[in-house]
Amino acid sequence: MAPETPARPVALVTGSSRGIGKVLALKLAARGVDVVVNYKKNADLAEETLREIRAAGADGLTVQADIEQPDDIDRLFAEVTERYGRLDLFVANAAAAAFKPVSQLKLHHLDRSYATNTRSFVLMAQRAAELMPDGGRIVTVTSYGSLRAFPTYAALGAAKAANEAWVTFMATEYGPRGITVNAVNGGLIDTDSLDYFYGSVPGMAPMETVLEKIPLQRKGTADDMADAIDFLLSDRAGYITGQTLSVDGGLTIVAPPFWADTTSPLRDAVLGASDAS
Ligand SMILES: NC(=O)c1ccc[n+]([C@@H]2O[C@H](COP(=O)([O-])OP(=O)(O)OC[C@H]3O[C@@H](n4cnc5c(N)ncnc54)[C@H](OP(=O)(O)O)[C@@H]3O)[C@@H](O)[C@H]2O)c1
């Protein structure tokens with residue numbers, strides 16, 4: 001049976017059962033976009049996202065697919081094609097990697113990180129572009145580990161850096177077809193994965209010691225990230241392509257010595273009197 005001709009724009013957001021992907025899916029639904037909700041294992045959470053999409057007045061479907069597996073990617077896009085026959089917006093949001101020092105990364109960590117985070121982005125962007133004959137938008141979600149080195153983040157940070165490079169090549173080649181390709185690079189964003197990073201990696205520095213060094217002095221929210229992604233997916237961003245937009249409260253613009261480590265009288269000018277004064 002031929003796919004229905006979609007009345008509304010159609011988006012695919014990987015990893016939209018929770019976290020940033022879910023908040024983005026609901027923002028898109030609120031502005032009349034149908035959303036394909038992809039997830040790996042939390043079917044119940046994906047169904048809840050779809051229920052909330054429908055409550056917002058749009059529609060969509062849930063598709064279980066592990067983006068580490070090329071066969072799953074093929075099946076994901078086959079389901080999108082069968083249901084909608086085209087795509088307007090594609091967001092490569094899902095990610096996963098082992099958090100270990102470089103010296104402890106084994107072959108399977110390297111292979112799995114590449115497959116899950118970088119190979120999947122390229123395979124999915126190729127398929128998404130095929131479904132965008134009249135132009136479209138592609139955004140990949142990266143993180144400040146692409147720009148700055150910090151403990152245990154090498155495997156994922158290097159993959160995110162690779163994706164930001166892929167964005168420039170894709171933007172160049174897909175631009176003539178009216179498809180923009182950009183990255184949104186997050187700092188510390190308040191989701192399950194941030195809790196895991198600071199709560200479950202043995203010996204990790206306390207999150208408070210990082211937050212105090214961020215110019216805006218707080219974690220980002222999933223909403224902060226989704227707003228930036230939604231902007232790049234919108235008509236307002238039609239002439240922006242090949243870019244990486246940081247949403248990190250200023251984390252990546254500062255360097256040691258940090259204001260948080262100064263004491264009175266210097267500290268008072270920016271952070272108020274320190275306990276030591
Ligand atoms: N949180 C941060 O501090 C932070 C900072 C910068 C950038 N980011 C980036 O933001 C993006 C989203 O992160 P988040 O914090 O919102 O994540 P999250 O809350 O941990 O949610 C992860 C989502 O990805 C899905 N997922 C995980 N592995 C998958 C796989 N192999 N195949 C398909 N889906 C998979 C999960 O599905 P299930 O529910 O089925 O498990 C879930 O929907 C990631 O690219 C991450 O690197 C996060």
# chains A, B, ... in the order shown; residues from 1 in each chain; ligands from 1
call {"tool": "closest_atom_pairs", "arguments": {"of": "region 197-222 of chain A", "to": "region 101-118 of chain A", "cutoff": "12 Å", "atoms": "only C-alpha atoms", "output": "JSON lines"}}
result
{"residue": "A:Val201", "atom": "CA", "partner": "A:Pro101", "partner_atom": "CA", "distance": 11.1}
{"residue": "A:Pro202", "atom": "CA", "partner": "A:Pro101", "partner_atom": "CA", "distance": 11.7}
{"residue": "A:Gly203", "atom": "CA", "partner": "A:Pro101", "partner_atom": "CA", "distance": 11.7}
{"residue": "A:Met204", "atom": "CA", "partner": "A:Pro101", "partner_atom": "CA", "distance": 11.4}
call {"tool": "write_last_selection", "arguments": {"atoms": "N, CA and C atoms", "output": "tab-separated table (two decimals), in the first residue's frame"}}
result
chain	number	residue	atom	x	y	z
A	201	VAL	N	30.17	6.76	37.76
A	201	VAL	CA	31.55	6.52	37.32
A	201	VAL	C	32.43	6.65	38.57
A	202	PRO	N	33.04	5.53	39.02
A	202	PRO	CA	33.79	5.57	40.28
A	202	PRO	C	34.91	6.61	40.26
A	203	GLY	N	34.92	7.46	41.28
A	203	GLY	CA	36.00	8.45	41.41
A	203	GLY	C	35.76	9.74	40.65
A	204	MET	N	34.61	9.87	39.98
A	204	MET	CA	34.35	11.10	39.23
A	204	MET	C	34.31	12.31	40.17
call {"tool": "residues_around", "arguments": {"residues": "Gly19 (chain A)", "least_positions_apart": "6", "cutoff": "7 Å", "atoms": "only C-alpha atoms", "output": "list in words"}}
result
Thr191, Asp192 and Ala222 of chain A
call {"tool": "closest_atom_pairs", "arguments": {"of": "chain A", "to": "ligand 1", "cutoff": "6 Å", "atoms": "only C-alpha atoms and all ligand atoms", "output": "CSV"}}
result
residue,atom,partner,partner_atom_place_in_ligand_line,distance
A:Thr14,CA,ligand 1,34 (N),5.9
A:Gly15,CA,ligand 1,43 (O),3.2
A:Ser16,CA,ligand 1,43 (O),4.5
A:Ser17,CA,ligand 1,43 (O),4.0
A:Arg18,CA,ligand 1,43 (O),4.7
A:Gly19,CA,ligand 1,19 (O),3.4
A:Ile20,CA,ligand 1,16 (O),3.8
A:Gly21,CA,ligand 1,16 (O),5.8
A:Tyr39,CA,ligand 1,37 (O),4.1
A:Lys40,CA,ligand 1,40 (O),3.6
A:Lys41,CA,ligand 1,40 (O),3.5
A:Asn42,CA,ligand 1,40 (O),3.8
A:Ala65,CA,ligand 1,33 (C),5.6
A:Asp66,CA,ligand 1,32 (N),3.5
A:Ile67,CA,ligand 1,32 (N),4.1
A:Glu68,CA,ligand 1,31 (N),5.1
A:Asn93,CA,ligand 1,45 (O),4.5
A:Ala94,CA,ligand 1,24 (O),3.9
A:Ala95,CA,ligand 1,45 (O),4.4
A:Ala96,CA,ligand 1,28 (N),5.4
A:Thr116,CA,ligand 1,31 (N),5.9
A:Val141,CA,ligand 1,45 (O),4.8
A:Thr142,CA,ligand 1,7 (C),5.2
A:Ser143,CA,ligand 1,6 (C),4.0
A:Gly186,CA,ligand 1,6 (C),3.7
A:Gly187,CA,ligand 1,5 (C),4.9
A:Leu188,CA,ligand 1,3 (O),4.1
A:Ile189,CA,ligand 1,3 (O),3.6
A:Asp190,CA,ligand 1,1 (N),5.6
A:Thr191,CA,ligand 1,15 (O),4.7
A:Asp192,CA,ligand 1,19 (O),4.6
A:Ser193,CA,ligand 1,20 (O),4.1
A:Leu194,CA,ligand 1,3 (O),4.5
call {"tool": "write_last_selection", "arguments": {"atoms": "C-alpha atoms", "output": "PDB file, in the first residue's frame"}}
result
ATOM      1  CA  THR A  14      16.417   9.112  17.664  1.00  0.00           C
ATOM      2  CA  GLY A  15      16.366   8.447  21.405  1.00  0.00           C
ATOM      3  CA  SER A  16      13.094  10.293  22.042  1.00  0.00           C
ATOM      4  CA  SER A  17      11.682   7.996  24.734  1.00  0.00           C
ATOM      5  CA  ARG A  18      13.214  10.314  27.374  1.00  0.00           C
ATOM      6  CA  GLY A  19      15.698  13.140  28.002  1.00  0.00           C
ATOM      7  CA  ILE A  20      16.450  15.808  25.397  1.00  0.00           C
ATOM      8  CA  GLY A  21      14.882  13.768  22.578  1.00  0.00           C
ATOM      9  CA  TYR A  39      14.117   4.117  21.343  1.00  0.00           C
ATOM     10  CA  LYS A  40      16.335   1.157  22.243  1.00  0.00           C
ATOM     11  CA  LYS A  41      14.672  -0.621  25.168  1.00  0.00           C
ATOM     12  CA  ASN A  42      12.113   1.553  26.998  1.00  0.00           C
ATOM     13  CA  ALA A  65      15.780   0.244  16.759  1.00  0.00           C
ATOM     14  CA  ASP A  66      19.269  -0.017  18.213  1.00  0.00           C
ATOM     15  CA  ILE A  67      21.235   2.497  16.139  1.00  0.00           C
ATOM     16  CA  GLU A  68      24.425   0.535  16.770  1.00  0.00           C
ATOM     17  CA  ASN A  93      20.083  12.505  19.255  1.00  0.00           C
ATOM     18  CA  ALA A  94      20.643   9.031  20.771  1.00  0.00           C
ATOM     19  CA  ALA A  95      24.170   8.279  21.999  1.00  0.00           C
ATOM     20  CA  ALA A  96      26.066   5.843  24.207  1.00  0.00           C
ATOM     21  CA  THR A 116      26.720   3.775  17.893  1.00  0.00           C
ATOM     22  CA  VAL A 141      23.422  16.364  19.102  1.00  0.00           C
ATOM     23  CA  THR A 142      27.035  16.552  20.263  1.00  0.00           C
ATOM     24  CA  SER A 143      28.671  17.556  23.526  1.00  0.00           C
ATOM     25  CA  GLY A 186      25.590  20.527  24.949  1.00  0.00           C
ATOM     26  CA  GLY A 187      27.401  21.169  28.232  1.00  0.00           C
ATOM     27  CA  LEU A 188      26.073  19.645  31.471  1.00  0.00           C
ATOM     28  CA  ILE A 189      22.426  18.904  30.708  1.00  0.00           C
ATOM     29  CA  ASP A 190      20.071  17.653  33.395  1.00  0.00           C
ATOM     30  CA  THR A 191      19.013  14.168  32.193  1.00  0.00           C
ATOM     31  CA  ASP A 192      19.459  10.511  33.211  1.00  0.00           C
ATOM     32  CA  SER A 193      22.830  10.340  31.464  1.00  0.00           C
ATOM     33  CA  LEU A 194      24.219  13.282  33.479  1.00  0.00           C
TER      34      LEU A 194
END
call {"tool": "residues_around", "arguments": {"residues": "region 158-167 of chain A", "least_positions_apart": "2", "cutoff": "8 Å", "atoms": "only C-alpha atoms", "output": "PDB file with N, CA and C atoms, in the first residue's frame"}}
result
ATOM      1  N   SER A 113      31.669   2.379  20.176  1.00  0.00           N
ATOM      2  CA  SER A 113      31.466   3.833  20.223  1.00  0.00           C
ATOM      3  C   SER A 113      31.353   4.400  18.808  1.00  0.00           C
ATOM      4  N   TYR A 114      32.236   3.942  17.927  1.00  0.00           N
ATOM      5  CA  TYR A 114      32.165   4.413  16.530  1.00  0.00           C
ATOM      6  C   TYR A 114      30.826   3.999  15.902  1.00  0.00           C
ATOM      7  N   ASN A 117      27.749   5.957  17.662  1.00  0.00           N
ATOM      8  CA  ASN A 117      27.671   7.417  17.634  1.00  0.00           C
ATOM      9  C   ASN A 117      28.000   8.038  16.282  1.00  0.00           C
ATOM     10  N   THR A 118      28.962   7.484  15.569  1.00  0.00           N
ATOM     11  CA  THR A 118      29.384   8.129  14.317  1.00  0.00           C
ATOM     12  C   THR A 118      28.870   7.390  13.084  1.00  0.00           C
ATOM     13  N   PHE A 121      25.231   7.939  12.663  1.00  0.00           N
ATOM     14  CA  PHE A 121      24.860   9.282  12.188  1.00  0.00           C
ATOM     15  C   PHE A 121      24.969   9.350  10.668  1.00  0.00           C
ATOM     16  N   VAL A 122      26.064   8.798  10.137  1.00  0.00           N
ATOM     17  CA  VAL A 122      26.263   8.872   8.686  1.00  0.00           C
ATOM     18  C   VAL A 122      25.217   8.017   7.962  1.00  0.00           C
ATOM     19  N   THR A 140      22.486  17.034  14.473  1.00  0.00           N
ATOM     20  CA  THR A 140      23.041  16.005  15.341  1.00  0.00           C
ATOM     21  C   THR A 140      23.377  16.635  16.696  1.00  0.00           C
ATOM     22  N   THR A 142      25.676  16.879  19.823  1.00  0.00           N
ATOM     23  CA  THR A 142      27.035  16.552  20.263  1.00  0.00           C
ATOM     24  C   THR A 142      27.229  17.076  21.690  1.00  0.00           C
ATOM     25  N   SER A 143      28.448  17.097  22.154  1.00  0.00           N
ATOM     26  CA  SER A 143      28.671  17.556  23.526  1.00  0.00           C
ATOM     27  C   SER A 143      30.040  18.198  23.642  1.00  0.00           C
ATOM     28  N   GLY A 145      32.595  17.519  25.051  1.00  0.00           N
ATOM     29  CA  GLY A 145      33.736  16.614  24.947  1.00  0.00           C
ATOM     30  C   GLY A 145      34.333  16.580  23.547  1.00  0.00           C
ATOM     31  N   SER A 146      33.668  17.192  22.571  1.00  0.00           N
ATOM     32  CA  SER A 146      34.259  17.305  21.228  1.00  0.00           C
ATOM     33  C   SER A 146      35.293  18.419  21.195  1.00  0.00           C
ATOM     34  N   LEU A 147      35.204  19.326  22.169  1.00  0.00           N
ATOM     35  CA  LEU A 147      36.037  20.534  22.173  1.00  0.00           C
ATOM     36  C   LEU A 147      37.062  20.543  23.300  1.00  0.00           C
ATOM     37  N   ALA A 154      36.817  10.251  26.561  1.00  0.00           N
ATOM     38  CA  ALA A 154      37.542  10.226  25.284  1.00  0.00           C
ATOM     39  C   ALA A 154      36.759   9.529  24.165  1.00  0.00           C
ATOM     40  N   ALA A 155      36.201   8.362  24.466  1.00  0.00           N
ATOM     41  CA  ALA A 155      35.538   7.603  23.392  1.00  0.00           C
ATOM     42  C   ALA A 155      34.356   8.385  22.832  1.00  0.00           C
ATOM     43  N   LEU A 156      33.547   8.955  23.726  1.00  0.00           N
ATOM     44  CA  LEU A 156      32.370   9.684  23.242  1.00  0.00           C
ATOM     45  C   LEU A 156      32.771  11.054  22.680  1.00  0.00           C
ATOM     46  N   PHE A 169      30.909  18.349   6.074  1.00  0.00           N
ATOM     47  CA  PHE A 169      30.902  17.678   4.761  1.00  0.00           C
ATOM     48  C   PHE A 169      29.471  17.467   4.266  1.00  0.00           C
ATOM     49  N   MET A 170      28.596  17.049   5.165  1.00  0.00           N
ATOM     50  CA  MET A 170      27.193  16.847   4.768  1.00  0.00           C
ATOM     51  C   MET A 170      26.556  18.163   4.342  1.00  0.00           C
ATOM     52  N   ALA A 171      26.825  19.238   5.104  1.00  0.00           N
ATOM     53  CA  ALA A 171      26.234  20.539   4.773  1.00  0.00           C
ATOM     54  C   ALA A 171      26.671  20.974   3.374  1.00  0.00           C
ATOM     55  N   VAL A 181      22.441  21.111   7.533  1.00  0.00           N
ATOM     56  CA  VAL A 181      22.973  20.121   8.481  1.00  0.00           C
ATOM     57  C   VAL A 181      23.773  20.876   9.544  1.00  0.00           C
ATOM     58  N   ASN A 182      23.376  20.719  10.791  1.00  0.00           N
ATOM     59  CA  ASN A 182      24.032  21.432  11.890  1.00  0.00           C
ATOM     60  C   ASN A 182      24.156  20.525  13.108  1.00  0.00           C
ATOM     61  N   ALA A 183      24.965  20.980  14.079  1.00  0.00           N
ATOM     62  CA  ALA A 183      25.121  20.265  15.347  1.00  0.00           C
ATOM     63  C   ALA A 183      24.752  21.200  16.499  1.00  0.00           C
ATOM     64  N   GLY A 242      26.047  23.798   8.406  1.00  0.00           N
ATOM     65  CA  GLY A 242      27.441  23.407   8.651  1.00  0.00           C
ATOM     66  C   GLY A 242      27.986  23.902   9.980  1.00  0.00           C
ATOM     67  N   GLN A 243      27.090  24.352  10.882  1.00  0.00           N
ATOM     68  CA  GLN A 243      27.534  24.997  12.122  1.00  0.00           C
ATOM     69  C   GLN A 243      27.356  24.093  13.343  1.00  0.00           C
ATOM     70  N   THR A 244      28.156  24.382  14.372  1.00  0.00           N
ATOM     71  CA  THR A 244      27.977  23.750  15.681  1.00  0.00           C
ATOM     72  C   THR A 244      27.643  24.842  16.685  1.00  0.00           C
TER      73      THR A 244
END
call {"tool": "select_by_dssp", "arguments": {"residues": "region 61-233 of chain A", "states": "alpha helix (DSSP H)", "output": "JSON, numbers by chain"}}
result
{"A": [70, 71, 72, 73, 74, 75, 76, 77, 78, 79, 80, 81, 82, 83, 84, 107, 108, 109, 110, 111, 112, 113, 120, 121, 122, 123, 124, 125, 126, 127, 128, 129, 130, 154, 155, 156, 157, 158, 159, 160, 161, 162, 163, 164, 165, 166, 167, 168, 169, 170, 171, 172, 173, 174, 192, 193, 194, 195, 196, 197, 198, 199, 200, 207, 208, 209, 210, 211, 222, 223, 224, 225, 226, 227, 228, 229, 230, 231, 232, 233]}
call {"tool": "write_last_selection", "arguments": {"atoms": "C-alpha atoms", "output": "PDB file, in the first residue's frame"}}
result
ATOM      1  CA  PRO A  70      22.874  -1.220  10.630  1.00  0.00           C
ATOM      2  CA  ASP A  71      20.004  -3.712  10.126  1.00  0.00           C
ATOM      3  CA  ASP A  72      18.001  -1.872  12.773  1.00  0.00           C
ATOM      4  CA  ILE A  73      18.699   1.425  11.006  1.00  0.00           C
ATOM      5  CA  ASP A  74      17.415  -0.069   7.741  1.00  0.00           C
ATOM      6  CA  ARG A  75      14.264  -1.263   9.516  1.00  0.00           C
ATOM      7  CA  LEU A  76      13.771   2.133  11.196  1.00  0.00           C
ATOM      8  CA  PHE A  77      13.873   3.929   7.848  1.00  0.00           C
ATOM      9  CA  ALA A  78      11.732   1.263   6.184  1.00  0.00           C
ATOM     10  CA  GLU A  79       9.055   1.957   8.803  1.00  0.00           C
ATOM     11  CA  VAL A  80       9.316   5.724   8.254  1.00  0.00           C
ATOM     12  CA  THR A  81       9.089   5.217   4.498  1.00  0.00           C
ATOM     13  CA  GLU A  82       6.145   2.858   4.752  1.00  0.00           C
ATOM     14  CA  ARG A  83       4.161   5.182   7.012  1.00  0.00           C
ATOM     15  CA  TYR A  84       5.070   8.607   5.582  1.00  0.00           C
ATOM     16  CA  LEU A 107      38.863  -2.783  21.008  1.00  0.00           C
ATOM     17  CA  HIS A 108      35.165  -3.437  21.584  1.00  0.00           C
ATOM     18  CA  HIS A 109      34.722  -0.073  23.344  1.00  0.00           C
ATOM     19  CA  LEU A 110      36.250   1.720  20.355  1.00  0.00           C
ATOM     20  CA  ASP A 111      34.257  -0.243  17.792  1.00  0.00           C
ATOM     21  CA  ARG A 112      30.974   0.119  19.642  1.00  0.00           C
ATOM     22  CA  SER A 113      31.466   3.833  20.223  1.00  0.00           C
ATOM     23  CA  SER A 120      24.946   5.529  12.811  1.00  0.00           C
ATOM     24  CA  PHE A 121      24.860   9.282  12.188  1.00  0.00           C
ATOM     25  CA  VAL A 122      26.263   8.872   8.686  1.00  0.00           C
ATOM     26  CA  LEU A 123      24.058   5.899   7.761  1.00  0.00           C
ATOM     27  CA  MET A 124      20.936   7.644   9.079  1.00  0.00           C
ATOM     28  CA  ALA A 125      21.724  11.028   7.505  1.00  0.00           C
ATOM     29  CA  GLN A 126      22.183   9.293   4.127  1.00  0.00           C
ATOM     30  CA  ARG A 127      18.774   7.653   4.456  1.00  0.00           C
ATOM     31  CA  ALA A 128      17.123  10.800   5.821  1.00  0.00           C
ATOM     32  CA  ALA A 129      18.409  12.875   2.893  1.00  0.00           C
ATOM     33  CA  GLU A 130      16.932  10.355   0.446  1.00  0.00           C
ATOM     34  CA  ALA A 154      37.542  10.226  25.284  1.00  0.00           C
ATOM     35  CA  ALA A 155      35.538   7.603  23.392  1.00  0.00           C
ATOM     36  CA  LEU A 156      32.370   9.684  23.242  1.00  0.00           C
ATOM     37  CA  GLY A 157      34.135  13.053  22.866  1.00  0.00           C
ATOM     38  CA  ALA A 158      36.129  11.848  19.874  1.00  0.00           C
ATOM     39  CA  ALA A 159      32.971  10.463  18.267  1.00  0.00           C
ATOM     40  CA  LYS A 160      31.176  13.785  18.816  1.00  0.00           C
ATOM     41  CA  ALA A 161      34.142  15.651  17.274  1.00  0.00           C
ATOM     42  CA  ALA A 162      33.969  13.336  14.270  1.00  0.00           C
ATOM     43  CA  ASN A 163      30.250  14.055  13.937  1.00  0.00           C
ATOM     44  CA  GLU A 164      30.882  17.804  13.968  1.00  0.00           C
ATOM     45  CA  ALA A 165      33.336  17.277  11.095  1.00  0.00           C
ATOM     46  CA  TRP A 166      30.763  15.136   9.260  1.00  0.00           C
ATOM     47  CA  VAL A 167      28.292  18.013   9.655  1.00  0.00           C
ATOM     48  CA  THR A 168      30.514  20.268   7.534  1.00  0.00           C
ATOM     49  CA  PHE A 169      30.902  17.678   4.761  1.00  0.00           C
ATOM     50  CA  MET A 170      27.193  16.847   4.768  1.00  0.00           C
ATOM     51  CA  ALA A 171      26.234  20.539   4.773  1.00  0.00           C
ATOM     52  CA  THR A 172      28.459  21.082   1.743  1.00  0.00           C
ATOM     53  CA  GLU A 173      27.071  18.146  -0.236  1.00  0.00           C
ATOM     54  CA  TYR A 174      23.412  18.387   0.788  1.00  0.00           C
ATOM     55  CA  ASP A 192      19.459  10.511  33.211  1.00  0.00           C
ATOM     56  CA  SER A 193      22.830  10.340  31.464  1.00  0.00           C
ATOM     57  CA  LEU A 194      24.219  13.282  33.479  1.00  0.00           C
ATOM     58  CA  ASP A 195      23.133  11.559  36.701  1.00  0.00           C
ATOM     59  CA  TYR A 196      24.828   8.373  35.500  1.00  0.00           C
ATOM     60  CA  PHE A 197      28.073  10.178  34.629  1.00  0.00           C
ATOM     61  CA  TYR A 198      28.434  11.934  37.986  1.00  0.00           C
ATOM     62  CA  GLY A 199      26.762   9.251  40.109  1.00  0.00           C
ATOM     63  CA  SER A 200      28.051   5.981  38.699  1.00  0.00           C
ATOM     64  CA  MET A 207      29.305  17.885  39.911  1.00  0.00           C
ATOM     65  CA  GLU A 208      29.227  20.970  42.191  1.00  0.00           C
ATOM     66  CA  THR A 209      32.920  21.605  41.520  1.00  0.00           C
ATOM     67  CA  VAL A 210      32.114  21.814  37.824  1.00  0.00           C
ATOM     68  CA  LEU A 211      28.902  23.836  38.091  1.00  0.00           C
ATOM     69  CA  ALA A 222      16.635  19.407  28.310  1.00  0.00           C
ATOM     70  CA  ASP A 223      14.459  22.386  27.386  1.00  0.00           C
ATOM     71  CA  ASP A 224      17.556  24.581  26.812  1.00  0.00           C
ATOM     72  CA  MET A 225      18.894  21.978  24.365  1.00  0.00           C
ATOM     73  CA  ALA A 226      15.565  21.280  22.664  1.00  0.00           C
ATOM     74  CA  ASP A 227      14.964  25.024  22.098  1.00  0.00           C
ATOM     75  CA  ALA A 228      18.286  25.342  20.241  1.00  0.00           C
ATOM     76  CA  ILE A 229      17.645  22.196  18.185  1.00  0.00           C
ATOM     77  CA  ASP A 230      14.097  23.326  17.419  1.00  0.00           C
ATOM     78  CA  PHE A 231      15.454  26.694  16.216  1.00  0.00           C
ATOM     79  CA  LEU A 232      17.879  24.996  13.811  1.00  0.00           C
ATOM     80  CA  LEU A 233      15.001  22.821  12.562  1.00  0.00           C
TER      81      LEU A 233
END
call {"tool": "select_by_dssp", "arguments": {"residues": "region 60-138 of chain A", "states": "strand (DSSP E or B)", "output": "ChimeraX atom specification"}}
result
/A:60-64,89-92,136-138
call {"tool": "write_last_selection", "arguments": {"atoms": "C-alpha atoms", "output": "tab-separated table (two decimals), in the first residue's frame"}}
result
chain	number	residue	atom	x	y	z
A	60	GLY	CA	3.59	9.74	14.97
A	61	LEU	CA	4.74	6.23	15.67
A	62	THR	CA	7.23	4.48	17.93
A	63	VAL	CA	10.03	2.38	16.43
A	64	GLN	CA	12.38	0.23	18.48
A	89	LEU	CA	13.38	16.85	9.88
A	90	PHE	CA	15.95	14.35	11.18
A	91	VAL	CA	17.62	14.61	14.59
A	92	ALA	CA	20.46	12.22	15.49
A	136	GLY	CA	14.90	19.46	4.90
A	137	ARG	CA	16.83	19.82	8.12
A	138	ILE	CA	19.34	17.52	9.82
call {"tool": "residues_around", "arguments": {"residues": "Ile53 (chain A)", "least_positions_apart": "6", "cutoff": "9 Å", "atoms": "only C-alpha atoms", "output": "JSON, numbers by chain"}}
result
{"A": [25, 26, 27, 28, 29, 30, 34, 35, 59, 60]}
call {"tool": "write_last_selection", "arguments": {"atoms": "N, CA and C atoms", "output": "short mmCIF file (atom, residue, chain, number, x, y, z; two decimals), in the first residue's frame"}}
result
data_model
loop_
_atom_site.label_atom_id
_atom_site.label_comp_id
_atom_site.auth_asym_id
_atom_site.auth_seq_id
_atom_site.Cartn_x
_atom_site.Cartn_y
_atom_site.Cartn_z
N ALA A 25 10.73 16.22 20.93
CA ALA A 25 9.58 15.64 20.23
C ALA A 25 8.29 16.37 20.61
N LEU A 26 8.15 16.72 21.87
CA LEU A 26 6.93 17.40 22.31
C LEU A 26 6.88 18.85 21.81
N LYS A 27 8.04 19.49 21.72
CA LYS A 27 8.06 20.85 21.14
C LYS A 27 7.64 20.80 19.67
N LEU A 28 8.15 19.81 18.95
CA LEU A 28 7.81 19.69 17.54
C LEU A 28 6.31 19.41 17.37
N ALA A 29 5.80 18.52 18.20
CA ALA A 29 4.37 18.20 18.14
C ALA A 29 3.53 19.44 18.39
N ALA A 30 3.97 20.28 19.34
CA ALA A 30 3.20 21.49 19.69
C ALA A 30 3.16 22.47 18.53
N ASP A 34 4.48 15.86 12.98
CA ASP A 34 4.40 14.45 13.37
C ASP A 34 5.81 13.95 13.70
N VAL A 35 5.92 13.09 14.72
CA VAL A 35 7.25 12.66 15.17
C VAL A 35 7.35 11.14 15.23
N ASP A 59 0.76 13.62 15.48
CA ASP A 59 0.71 12.15 15.50
C ASP A 59 2.13 11.63 15.33
N GLY A 60 2.27 10.32 15.15
CA GLY A 60 3.59 9.74 14.97
C GLY A 60 3.54 8.24 15.16
#
call {"tool": "atom_distance", "arguments": {"atom1": "CA of Gly85 (chain A)", "atom2": "CA of Arg236 (chain A)"}}
result
25.3 Å
call {"tool": "residues_around", "arguments": {"residues": "region 254-260 of chain A", "least_positions_apart": "2", "cutoff": "10 Å", "atoms": "only C-alpha atoms", "output": "ChimeraX atom specification"}}
result
/A:209-215,217,250-252,262-263,266-271,274
call {"tool": "write_last_selection", "arguments": {"atoms": "N, CA and C atoms", "output": "short mmCIF file (atom, residue, chain, number, x, y, z; two decimals), in the first residue's frame"}}
result
data_model
loop_
_atom_site.label_atom_id
_atom_site.label_comp_id
_atom_site.auth_asym_id
_atom_site.auth_seq_id
_atom_site.Cartn_x
_atom_site.Cartn_y
_atom_site.Cartn_z
N THR A 209 31.64 20.95 41.80
CA THR A 209 32.92 21.61 41.52
C THR A 209 33.01 22.03 40.05
N VAL A 210 32.16 21.42 39.23
CA VAL A 210 32.11 21.81 37.82
C VAL A 210 31.12 22.96 37.66
N LEU A 211 29.95 22.82 38.27
CA LEU A 211 28.90 23.84 38.09
C LEU A 211 29.39 25.22 38.50
N GLU A 212 30.19 25.30 39.56
CA GLU A 212 30.63 26.62 40.05
C GLU A 212 31.58 27.31 39.06
N LYS A 213 32.11 26.54 38.11
CA LYS A 213 33.04 27.13 37.14
C LYS A 213 32.33 27.58 35.85
N ILE A 214 31.05 27.21 35.71
CA ILE A 214 30.29 27.59 34.52
C ILE A 214 29.82 29.04 34.68
N PRO A 215 30.07 29.91 33.71
CA PRO A 215 29.63 31.30 33.87
C PRO A 215 28.16 31.43 34.30
N GLN A 217 26.56 29.21 35.97
CA GLN A 217 26.51 28.57 37.30
C GLN A 217 25.34 27.63 37.53
N GLY A 250 28.30 28.72 28.86
CA GLY A 250 29.63 29.35 28.82
C GLY A 250 30.76 28.44 29.27
N LEU A 251 30.44 27.18 29.56
CA LEU A 251 31.45 26.25 30.08
C LEU A 251 32.72 26.20 29.23
N THR A 252 32.57 26.19 27.92
CA THR A 252 33.75 26.00 27.06
C THR A 252 34.49 27.29 26.71
N THR A 262 39.17 31.73 42.96
CA THR A 262 39.79 32.94 43.51
C THR A 262 39.27 33.19 44.93
N THR A 263 39.94 34.07 45.64
CA THR A 263 39.50 34.44 46.99
C THR A 263 39.41 35.96 47.07
N LEU A 266 39.78 39.68 45.29
CA LEU A 266 39.50 39.59 43.86
C LEU A 266 38.11 39.00 43.60
N ARG A 267 37.82 37.91 44.28
CA ARG A 267 36.58 37.17 44.06
C ARG A 267 35.32 38.03 44.25
N ASP A 268 35.41 38.98 45.19
CA ASP A 268 34.23 39.77 45.56
C ASP A 268 33.63 40.51 44.37
N ALA A 269 34.50 40.88 43.42
CA ALA A 269 34.02 41.68 42.29
C ALA A 269 33.03 40.90 41.42
N VAL A 270 33.16 39.57 41.40
CA VAL A 270 32.32 38.77 40.51
C VAL A 270 31.40 37.82 41.27
N LEU A 271 31.91 37.18 42.32
CA LEU A 271 31.14 36.14 43.01
C LEU A 271 30.75 36.51 44.44
N SER A 274 34.17 35.46 49.65
CA SER A 274 34.38 34.03 49.89
C SER A 274 34.35 33.75 51.38
#
